Structures are given as C-alpha cells and as structure tokens.
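First comes the structure, then the notes that go with it.
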Protein chains: 4
Amino acid sequence: MPHLPLTTYYLPLTTYYLLLTMISFTCDYIEGAHPEILKRLVETNMVQVEGYGEDEFCEAARAKIRKATGCPAADVFFLVGGTQTNSTVIDAMLHRYEGVIAVDTGHIAVHESGAVEFSGHKVITLPGHNGKMEAAELRHYLEHFHGDPTWPHMVYPGMVYISFPTEYGTIYSRSELEAIKNVCEQYRIPLFIDGARLGYGLMSPAADVDLKALASLCDVFYIGGTKVGALCGEAVVFPRGNAPQHFFTMVKQHGALLAKGRVLGLQFDTLFTDNLYFNIARHAIDMAMELKSMLSAKGFEFYIDSPTNQQFPILTQAQVDSLNGKVAFEVWDQLPDGRYITRFATSWATPRANIEALGALL
Amino acid sequence: MPHLPLTTYYLPLTTYYLLLTMISFTCDYIEGAHPEILKRLVETNMVQVEGYGEDEFCEAARAKIRKATGCPAADVFFLVGGTQTNSTVIDAMLHRYEGVIAVDTGHIAVHESGAVEFSGHKVITLPGHNGKMEAAELRHYLEHFHGDPTWPHMVYPGMVYISFPTEYGTIYSRSELEAIKNVCEQYRIPLFIDGARLGYGLMSPAADVDLKALASLCDVFYIGGTKVGALCGEAVVFPRGNAPQHFFTMVKQHGALLAKGRVLGLQFDTLFTDNLYFNIARHAIDMAMELKSMLSAKGFEFYIDSPTNQQFPILTQAQVDSLNGKVAFEVWDQLPDGRYITRFATSWATPRANIEALGALL
Amino acid sequence: MPHLPLTTYYLPLTTYYLLLTMISFTCDYIEGAHPEILKRLVETNMVQVEGYGEDEFCEAARAKIRKATGCPAADVFFLVGGTQTNSTVIDAMLHRYEGVIAVDTGHIAVHESGAVEFSGHKVITLPGHNGKMEAAELRHYLEHFHGDPTWPHMVYPGMVYISFPTEYGTIYSRSELEAIKNVCEQYRIPLFIDGARLGYGLMSPAADVDLKALASLCDVFYIGGTKVGALCGEAVVFPRGNAPQHFFTMVKQHGALLAKGRVLGLQFDTLFTDNLYFNIARHAIDMAMELKSMLSAKGFEFYIDSPTNQQFPILTQAQVDSLNGKVAFEVWDQLPDGRYITRFATSWATPRANIEALGALL
Amino acid sequence: MPHLPLTTYYLPLTTYYLLLTMISFTCDYIEGAHPEILKRLVETNMVQVEGYGEDEFCEAARAKIRKATGCPAADVFFLVGGTQTNSTVIDAMLHRYEGVIAVDTGHIAVHESGAVEFSGHKVITLPGHNGKMEAAELRHYLEHFHGDPTWPHMVYPGMVYISFPTEYGTIYSRSELEAIKNVCEQYRIPLFIDGARLGYGLMSPAADVDLKALASLCDVFYIGGTKVGALCGEAVVFPRGNAPQHFFTMVKQHGALLAKGRVLGLQFDTLFTDNLYFNIARHAIDMAMELKSMLSAKGFEFYIDSPTNQQFPILTQAQVDSLNGKVAFEVWDQLPDGRYITRFATSWATPRANIEALGALL
C-alpha cells in the first residue's frame, strides 16, 4: 500500500456510480436475498403467528444462533438494519452520562447521519489504523480519563465499539481482540462488535477467530443479515444473557421493532440451517480473492490490503473510463497523482463470470 | 353500545392470547405477505439495483402512488414500520419547541413506548371520542393556546395527528376531516394522518372519502403496508411535494432507512398494480362485516360500532372458554359485569371458512 | 368553591399584568433576595474558593440541610432554577424506557415548555384534584400497567412526581403522602417532591408534616430557594445518600451546573441559619391568611381553598377595573358568568401595608 | 514554545489544586462579583419587577449592549452559564440533521459532559492549532462535504463554533475571523463565537478587533459574565435581530431560563455602564502580562504564548513543590521530561500583590 497523504478523516465517501452497466460491484446489498430464504418465505407465508418476534421462526433462529455461537444462555434479538441496530444497542447499554469509543473512521462516527448523537450520546474517537482500533491507544485514553475521577466534566467512556470487518475490509486477529477485550475488562466497559459483514470477516483466509471465539470476546455483537444474504435483518447477540433490562421496549422506542418479526426470524433460521450463512459468505470471499489476484496479476496497486469482500484497487482515469457503462463500482477518493481509490465489493451473489468479465475489460 | 364506566384512559391493552388454536383473529399481521408480492420478490431477486430507495422498484412504486393519490408532485418515502414512521415524520416536521396533538387513545400517545418523546417532543392529548378527535375541541385548545402569545412557557402545538382508521376501528367522515383540516389551516399547523390500516378504512362501507380525497385533506399521511398485505413497509406521502428538507437524512438518523429499499419499493409497486391494495383491503372488510353480522344475529353486543376490519364484541366468560384452544383473539378489557371486551381482526388473508368456523363454535 | 365547568386541562395560564402599579401580588419572585443573603454575599465576596459546588459555603449549607432534614447521609446538590431542577432530576433517575407520572395540572406536565420530553421522557398524566394526585388512582394505574408484563409496548412508569404545595396552592396531608409513598414502595418507584415553594407549604397552618417528615416520605425532593428568599437556587436532597451515580456530570450535561457554586451555597447556608428559611416563609403565609380573611370578610369567593401563599379569589370585571393601575395580580381564567379567577401571591417580601392597601381599594 | 509530543487530544485536564494556600491563580471564577454589581443588587433589591427577563433591568442592559456592540437591532438574551449557553444556542440554531463544527480542543468538544450531544447534535471536530480553527481547513471540510450532495448519510455541518479567547488563551486576529466568516458565508453556515472570556480577549494587547468588529463578524456570540466580574450570567447577542423564532421557549426547555431575570439584567446593566466590563477585563490582562514578564525574566518557558488572562508556564517538580501551600494553580499535563504544564489565571479581582508574592517565591 502506498503511503498516501490522504485526509480520509475529512472526506465523506464520494460515490461514483457508473450506471446502466451490466455488472455491478458497487456494494454487497445490490441483490435481493439468497434463494433459499425466498423459498422458505413462500412456504411459510400463510402460517399464522404472533408478532414482534414472539413467533416460532424467531424462536427456532434463536436456538440455532445460541448453538452456533456456543452461547446457550444468549439473548438474541432481531432488528432490521445496521445503523438502527448500532444506535439502539449503544443507547440501551450506555448510561445517560456515557459515550461510546470508536475509531474515527468507524461507521457510527461518520456514516450514520448522527444516529448515536440523536439518542444523546457522544462518539469519542480514537485514531483508526486501516479502520482498526489499537488496544494500546484505547488503554492510554482510558488511563488518562479514569486516572482523574475528580474531573467529572467530560463524557464518560461507557462502551467500546469496533467493527468486524471494518469499513476498510480489515479484520482483527484473535490476539488483537483479546487485547482490546482485556482493556475493556480492566475498565469494566462493555465491548460491542458491529458485525454488519460478520460472515465475510469470519470466512476470510486471514481470520483466526470463528463465531464462537468472537462471541466469547465481546459483550454484545450482531450477525449481519442485510449484507450477507438476507432481505434485511441483523441478529443482536448478548452472549451471556446480558441484555439490558427492557431491551425489547427500547427497541420499540427506537422504531426498530418489526411487527412481522417472522420475516427476520425465518431468514436467520434459514441462514443458520446447514451452515448456509458461512457457505455463502465463503463464496463472497472466494470471489474477492479471485478479483484481488486477477488485479494484482495485472499490476494494480491497492489502497488497503483487505482480506475480505471489499477490495480497494487504485485505478487511473483511463481505467475508470474503460469500465464506463460496463462495470459499476464506487470511487472513494482521488490521490494527489490523479488516480482513484475505488471499491469493488463481492457478495454471496457474485458469479465468477463477473470477475472474469471485469478481467477481460482491464 | 352500552355506556360503560370504563377508564380506558388508564388501561393498557391487556393481551390474552388463546394459543394453540387452529384459527386466529388476534391481529391483521399474523400472516406473511400477499402471494403476488412474494412472486415478484422471487422474480426480481437477482436484479442488481442501488440501495436506500434509489432503485427502479421504488421509483415505479412512487409513480403509481402519485397517480393513485392524485398528487403528481408528491414526495414519497418508504419506511419499514408504523411506530418508526410516526416518530420519524413527527420529529422531522416539528420544530424543537413544538409538540404533536393527538387523542388520548392515539397510538403515539399510548402504544409506542414513548418513541415520540424519545425524539424530544410532547404528545399533547385531547379527549378521544371512540378514538376520534373532534374539530371543535381542537379549535378550543388552539384558541386558548394561541390566544395568549405572551405565555411562552408551554409546548407549542406544531402538528395534529389522527389515525384513519383509529385504534377503535372507527373512521372520520369527509366533513369531519374537512373540519379538522380547516382548524389546522387556520392555525397553520400541518395535519398528519396515520394510515397504518389505511386500506381497511378506505374500503369500509362507511367511508365517504377515497385515497385522493384523503390526500387532499392533509399535509402528510402514510399508506400502511405491514397490516395490508406487505411483509413490512409504510409509504409516507407528502402530497404537495412538501417533504421537509433533508428528510432522507432524518430517516437515516432515526434508524428508519432500509439498505435494500427495493424490498419496500417492490411491495408497494405490487400493491399499487391492478388495484391490489384496495382489492385485498375490501376482502378484509367483507370478512369483518360477515363476522359482525354473524355475531349480531347471535345477539352479541359490541363495545364500539366499528365499520372496519377490527370488531369489538363483548363475550361472557363462558363464551371465552368455549373458544379456548380453537379460536384466538384479543381481550382488551373487562366490564364491571364481568364480561370481556374482545377484539377480532380480519385481514386480506382471512378466509371465509374462519368466520364460519367461529360461528359454529358460538 | 363553586363547581365550575372549567376545562383547566386545556387552558394555559393567561397572564394579565396590570402594569405601572404601585403594589404587585403577581408572583413570589418579583423582589430580589432576603437582605441577609445580600449582606453575606457582600461579606464573603472576595474569598477565593473552588468552583462547581466544591466550596466551603456549599459544604456548610449541605451540613445544615442534612441537619434540618434529619438526614445525616443525604446527598445535597445546588441547582439554579425549578424547571431545570425538575428535568435534571427526572432524567437522571429514570431509565431510558421510563416516564414520570404527574397530575395533569403538574408543572412538568404543562408549564415547562416540554423540558422533560426534551430529555426523552414521557410525562404520564393522572387527573389532578385541586392540583393533587390521589393514591388510589395512582395504584389503579400501576396495577393495570404492572398487571401485564407481557405488554411491553408502553412507557414504563419510573417515577412519581408531586408538588408541595401544588400549582393551586394546596398541600398534601401526612396521610396522603404516606398513601402515595406506600404505593410507590409497593411498585418500587421513587417518589419525587417538587418543593419550589416548599417553605410556604411547610409553614401553612394546614400542614401536618415538617421538613424531616417530608424528607422521610420521599426519595428525592428539593427545597425551593428562588421563590422563598433567594436570588436563585434549588437544593436537591437525596435523603438517604441515594443520588444516582455521576449525578454531578448529568447536572452539567443538562446545563445546570453553576461555575460559581458559592452563590448557591452561600444563599442556602444563610437560609438555613437561625431558621431564616422558615421564618420568612411563615411571614408569607401570615400575609396570605390576612389577605384571605380580608377578602372573605368582603364576600369574595375563591376558586380553590388554598392554605398557602397563593390565593385565588374570584373578581368581577368591575373589581378588576377598580384595581387597574394600582394593584397587579394574575388573571388565570374566566368563568362562564364572566367573572375572573385571579391569583394573588404573597412572599417573604410582602409588607402588611400592601394587604391593607388592597383592602382599601376593594 | 517547545515542540512537545503531547497528546492533548486524549488528555482530560488534570486538576491539581494546592489547597490551603493564601493566593490562588486556579481560575477566573474564584471570587464573587465586582463590588459595583453587589452594590446595585442591594440598591434595587426590593423593586418589584416581572420575571423571566421582562424586567426593566434587563431592558436597560439590552439597550446598553445594543449600543456597545453597534447593533441597534440585536436580540439579546441573558442566560446563566457557559455550557448551558453553548448547548442552548447550538440546539436552537441547528436543524435536527445538523451538527456543529469545532476544533478538537473546543470547550463543547471536550469539557461540557456531552451537553451538545445530549440535545441530539454531533460535534464535528477539526484539528485545533493552539486552540484555533484554520479557515483553510474549514473550507476543505465543507468543500468535500458539500461537494457531494448525493451522499446524505452524514451529519450536515450546520454551524461553526469558535471561542474568543480559546481554551488555550489564544485569540483570532481580525483577518483570521474574516477568513472564517467568509467560508461560513460561502456555505451559508452561521458562525457562533463563544465569549465566555470575551472581555479578556478584547482587552488583550494582541487583539485587533473590538466588540463592534466582533459582532459584525459572526451570527451569534455571547458576552461572558461569569468569568468577567459577574456572579453568573452570559449575554447572548444575535447581532442583526436574527434570533431563532421562539428562542425564549427553547431557553426554557433547556432549563436555562432564570425566573428572577433581573439578577442577570442588573449585572449586565452594571457591567455596561461606564465601560466597567472592559475596564475590569483590562486589569486582568495587565496582571497577566506582569505575571508573564516576571516569569519570562526568571527564565520560565511557556507551553503556549498566550496574550490573554490564562498563562501556561512550564514548572519543574521542585518549582511546583516550592509553591506548595502558598500559591494555588492548575497542572494541565506532564511533559516527557517530567516538567509540568501549568495554568495561572488572572481576573478582574487579581491584586498586583499576588503577582509580586508569586515572584518572590520562585
């Protein structure tokens, strides 16, 4: 990765859709749902069930998630989308006088329209390192803050938020997670892992944690459905039955309670049957690695060495032009030399043919 | 309707599910979606589209809704659920120092876990009359409040919220709507109509407004999908293109922005194709009227004379017992004489056989 | 008191200042501070002390308040004004999913510009009876709410708020307070007493509680300074050392932390030296009782039989006119017969001559 | 100033009070009020006036402030304290979807317990340069944000907040203010100047703006009273009569409305009579410059070259010890070489003798 004088801290993601194309790598939520999910929605459509997540499909999904996470006592809730889940979980777990610590490129810090602040809480930012938080910097912050209990004029740090994978496609190693978890435990602050793309992180060849390990290393996390095969839905897991009291009511207060909870339950029940969630996530990773290899072989540089389904190749204007009308992707930023940092995302739905077609064009 | 000394102002809805039954009338969201919706979800599943409501399905749905409402300049947004839609629309349209006026039995006043207050706004309550607001009482409140601009120590009334139909299944007549609208215009306060069950209201034999008339009589309303055939989704309509600036961002801030907006767009596109929304709503009303006739013929009294899909027959303990394990419904309250106010809801999915089966048991 | 068909629920207090007069009974905060307070402010002015309530004057005031309330372990905080104190205490003690129960005429329900809702909490209203809450109605509400833990779609009642005296000058008897406290304890909900005019309540001839009794009958209350002799300031008392954790930080977050806390501490230190607070409050009550006797002797009716410093005589238009330009007071409402409900307030600063002058005019 | 590897971004201000001393430089709010203020409080104490800022003292103060600022149409409001004023003004001027831009060391970003976020708004931080914002960096941020209106997933920048002087005692030059104002005007974003220590900034020998110039260069600012001679109070000025509609009600909603507004009005009336505000501020600056000269002459280094009443000399452990029990000041941070960054503040109340006594000890 080149050392770029990019001020990504300032820059919103600029989106550059090349529309009217045949192939799109713009994101991992451009298709509908995995066909198995639609099949089961059709099959169960006329079964009459209770609302608000009290139905049999949600119960079945909870049981399977408890098993898959190795957390038999876990509290599991199904919410609809990522920003909604982040702001609801954070608000529900923080005291009024607390904020949440995140890296400055974290989704909650930049791309959620201020949803966390909307619920009254500050996002306290630490520097991100390719999207990741460093345990040592977290410890340094908490040491200094907690070192002076006589100075109560600041927001108290009440939660640590990280993403797995991060906004930049990077993932934490087990030892990095343990280091952050240790700091959190020392200061008695819960650790929240945003897993909007969790499957893509866990199936990365670079991952040295599995779902059970990840569940054991945090206080709350969610299993992203929207970006990993579902129409919508995020499964929030409190691994040790440690959901805040009346979390259900706070979910409703946040506008995050789905009347037909069955829609979420059934999707997660399907995703956690026969390992579907992981199988389709692995496919996305396989496609991303093929894309990466193909581009590397052609001499492309990458902005970040991502081991997951988001790849950030650097393209010249000519190369961008050559894809115009044929392949869609996102342009994130421009380098001083005029080249573009782009993002190509694969997903459970990406056919190998799309990678090959892209290769043929470059 | 008997004159009951019920203090419904105090009483939360107590829910009494008779589980393990074959037939349920507990609500209008106990099944999945209308089969045509599932069919189209399957057909369009692999089409690659943009997220956040910028896709072609949303655009098509918007066009059809603009036509059906007779509002070619309407702003149309698709949100996920009812409480979420209420709190987002209300917060987006109110100034910081304003509250929203509703009747004391209104959904936002009682059954939304304080979602409106969560966003900082007071729900100012007027007495409900079978769930409805009276224009004269609204005028009286506004006259007194606005009559003294030197008393700025109170919450300013910044919006009027009514439901069509109400929580009690009742609907406003055209003249009642016009009277409320006139008061709102006089005081320059927008009128918001919660249409979570809009189809069931408009298809009632008692309705003397259609969708176009309703759209012309308010400043914002929503067309409920969740309870009228969709898996989820509410279509917010600002009839004269009068959406607040940056409403999209406020939707996101409220956690109400669906990444795969296509899921909402496609459902409303389907519902507004070939009059499907109204056809299936009329079926629910037909079933409700059959249920009402059947019960009336058997001598049952009703708590409220509802012309829509929610019916409120009064049952004795023996009658409740006789349905035990066979028919599910909600018990809302107990009368001083020991009888129960119950709710039986029909929907687009209610088969006539269910009405007949219920009749055979009573 | 006549039985008036007044809809005070709807009516904001209309204020009718008769300006340019010699004598004012419009409120109990129309003068500055008791002279003893000013004397001590001058004496201590150049003493250098710490800010934010950590100074020696605050400490001295805390010690005296702990003694006067009979609560040696009490946490005592000094805030600036009443609305600010109400919203800060309520927000600090409630969980996110909770609201506060008050009567519909309570200050927080009507006259605080939505400050409680601004911090995200619903004010749940019960009917007021001359401004007071009835324990039986409170129990009824809590029974029904708590009777159905399966219905988590409503705001949880998390605190009971009453005023002593109320907006209508009335006070609770010991047995009434005990009854409310018993209900609160049964449902494990804290009881908060707004004592903006506490001195005037406790010094009423009708009072059968003193400060120690009152402190023992609630979980938090405040001793009003602004209306009882101070320039500003309310002393919040958590009688059993039961302040919420980090209350100081929440006070700051609410903008309620005074940098020069000495100004508040010194005032309460003065007020609680040599019984000053109660002595000056008794004077106000003496003046109110003289005013009441004088008006009664002249045949005036009263809207409410208030035993405290606010009196609510009913005046004809001619009587209102006769005072024009000579005596100022508030007009709260108009009766159907055209007469006016007025408010005359006395305070620590009211000279007997003002009562006599008023009498001479009527 | 040495180039220090200090991570002040992380560090809360650690406070190190050397108590039981004779002389304190810990802050500029350790004494009461200027004697002239107390004198007038005593003189006017028994005058009966209206509450909530509608009194004659407030009116007189407003007139004098309008004259002193050269803004005859200015809206002037009196609030109680700095954090309260910041959060109220910011919340009142921002739309729901907007945040406020400040430097990362700004008071609202660090030392207000999250009061801005409490009202739902994000503090967007830019790097501070000795506490100041650079116009070029502001422009860069706004260019990038505003450059892509198709990306509505972020908080909109709705206000720019700067302090005069800053947390580090530094002040903006006229050209720096004009540059920031130009950027704000280009992007139609209001500029808010926090003047908690405004007098000390304007009276600095380095200042090339006066009060009129400052008022012309922003959209709202406040004249700090608490730190410049008052018991409490901040005068918010909207120079062109541009207060948000119903600002009064929002002040009340924020708990920032003082019942006895006279206390604030009288203080500002006094401060703006016979140039008192500026005269006493100049005295503080004179004392600070003497302290600075004295320390410089003795060879002390300074962390920042401050031209106002806060000075930041660097002391060794031995020097800190030598002052123990005799002079109080704040220790802000420790340098890698073990020395301490300290803060010595002068005020309107600092006698020259204190500077001399300090000099004698070092």
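Following the order of the structure tokens, chains are lettered A, B, ..., residues in each are numbered from 1, and ligands are numbered from 1.
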Exercise for the section: Would you kindly return, as a PyMOL selection string, each protein, DNA or RNA residue with an atom no farther than 7 Å from any atom of Arg262 of chain C, considering only C-alpha atoms and excluding same-chain residues fewer than 5 positions away? Expected result: chain C and resi 53+55+57-58
Handout entry: Check: which chain B residues lie within 7 Å of chain D using only C-alpha atoms, as a count of residues only
Key = 5
Exercise for the section: Would you kindly return, as an NGL selection string, each protein, DNA or RNA residue with an atom no farther than 7 Å from any atom of Met203 of chain B, considering only C-alpha atoms and excluding same-chain residues fewer than 4 positions away? Expected result: :B and (199 or 207 or 278 or 281-282 or 285)
Once you have the residues from the selection above, write them out as a PDB file, in the first residue's frame, restricted to C-alpha atoms.
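result-v7.pdb, written as the output of this step:
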ATOM      1  CA  GLY B 199     -56.802   0.361   3.089  1.00  0.00           C
ATOM      2  CA  ALA B 207     -66.157   5.647   4.173  1.00  0.00           C
ATOM      3  CA  PHE B 278     -57.744  -1.923  -2.396  1.00  0.00           C
ATOM      4  CA  ALA B 281     -58.435  -4.490   1.784  1.00  0.00           C
ATOM      5  CA  ARG B 282     -62.016  -4.850   0.593  1.00  0.00           C
ATOM      6  CA  ILE B 285     -63.786  -5.565   5.205  1.00  0.00           C
TER       7      ILE B 285
END
Exercise for the section: Check segment 253-318 of chain B with DSSP on the backbone and list each residue it calls helix (DSSP H, G or I), as a PyMOL selection string. Expected result: chain B and resi 253+262-271+276-297+317-318
Exercise for the section: Tell me, in Å to one decimal, how far atom CA of Gly229 of chain C is from atom CA of Trp348 of chain C. Expected result: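 Distance between the two atoms: 6.3 Å.
Excluding Thr85 of chain B itself and any same-chain residue fewer than 2 positions from it, the protein and nucleic acid residues within 8 Å of it, counting only C-alpha atoms, are Gly255 of chain A; Leu79, Val80, Gly81, Gly82, Thr83, Ser87, Thr88, Val89, Glu234, Val236 and Ala256 of chain B.
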Write the selection just made, keeping N, CA and C atoms, as a PDB file, in the first residue's frame?
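Result file is result_10.pdb:
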ATOM      1  N   GLY A 255     -37.922   2.675  17.270  1.00  0.00           N
ATOM      2  CA  GLY A 255     -38.543   2.409  15.974  1.00  0.00           C
ATOM      3  C   GLY A 255     -37.953   1.195  15.275  1.00  0.00           C
TER       4      GLY A 255
ATOM      5  N   LEU B  79     -40.761   3.687   4.453  1.00  0.00           N
ATOM      6  CA  LEU B  79     -40.178   3.322   5.725  1.00  0.00           C
ATOM      7  C   LEU B  79     -40.627   1.912   6.100  1.00  0.00           C
ATOM      8  N   VAL B  80     -40.144   1.417   7.211  1.00  0.00           N
ATOM      9  CA  VAL B  80     -40.311  -0.002   7.489  1.00  0.00           C
ATOM     10  C   VAL B  80     -41.544  -0.320   8.321  1.00  0.00           C
ATOM     11  N   GLY B  81     -41.773   0.426   9.414  1.00  0.00           N
ATOM     12  CA  GLY B  81     -42.880   0.072  10.304  1.00  0.00           C
ATOM     13  C   GLY B  81     -43.603   1.298  10.830  1.00  0.00           C
ATOM     14  N   GLY B  82     -44.699   1.068  11.531  1.00  0.00           N
ATOM     15  CA  GLY B  82     -45.600   2.145  11.895  1.00  0.00           C
ATOM     16  C   GLY B  82     -45.063   3.081  12.973  1.00  0.00           C
ATOM     17  N   THR B  83     -44.630   2.523  14.088  1.00  0.00           N
ATOM     18  CA  THR B  83     -44.106   3.378  15.157  1.00  0.00           C
ATOM     19  C   THR B  83     -42.926   4.188  14.642  1.00  0.00           C
ATOM     20  N   SER B  87     -42.778   8.324  14.507  1.00  0.00           N
ATOM     21  CA  SER B  87     -41.810   9.149  15.236  1.00  0.00           C
ATOM     22  C   SER B  87     -40.901   9.898  14.271  1.00  0.00           C
ATOM     23  N   THR B  88     -40.592   9.311  13.123  1.00  0.00           N
ATOM     24  CA  THR B  88     -39.724   9.991  12.163  1.00  0.00           C
ATOM     25  C   THR B  88     -40.434  11.175  11.516  1.00  0.00           C
ATOM     26  N   VAL B  89     -41.647  10.960  11.059  1.00  0.00           N
ATOM     27  CA  VAL B  89     -42.387  12.044  10.412  1.00  0.00           C
ATOM     28  C   VAL B  89     -42.632  13.179  11.404  1.00  0.00           C
ATOM     29  N   GLU B 234     -44.195   1.055   5.047  1.00  0.00           N
ATOM     30  CA  GLU B 234     -45.206   2.114   5.109  1.00  0.00           C
ATOM     31  C   GLU B 234     -44.750   3.180   4.101  1.00  0.00           C
ATOM     32  N   VAL B 236     -44.797   6.816   3.045  1.00  0.00           N
ATOM     33  CA  VAL B 236     -45.086   8.170   3.525  1.00  0.00           C
ATOM     34  C   VAL B 236     -45.283   9.088   2.320  1.00  0.00           C
ATOM     35  N   ALA B 256     -34.393   4.469  10.311  1.00  0.00           N
ATOM     36  CA  ALA B 256     -35.551   4.020   9.536  1.00  0.00           C
ATOM     37  C   ALA B 256     -35.259   3.850   8.052  1.00  0.00           C
TER      38      ALA B 256
END
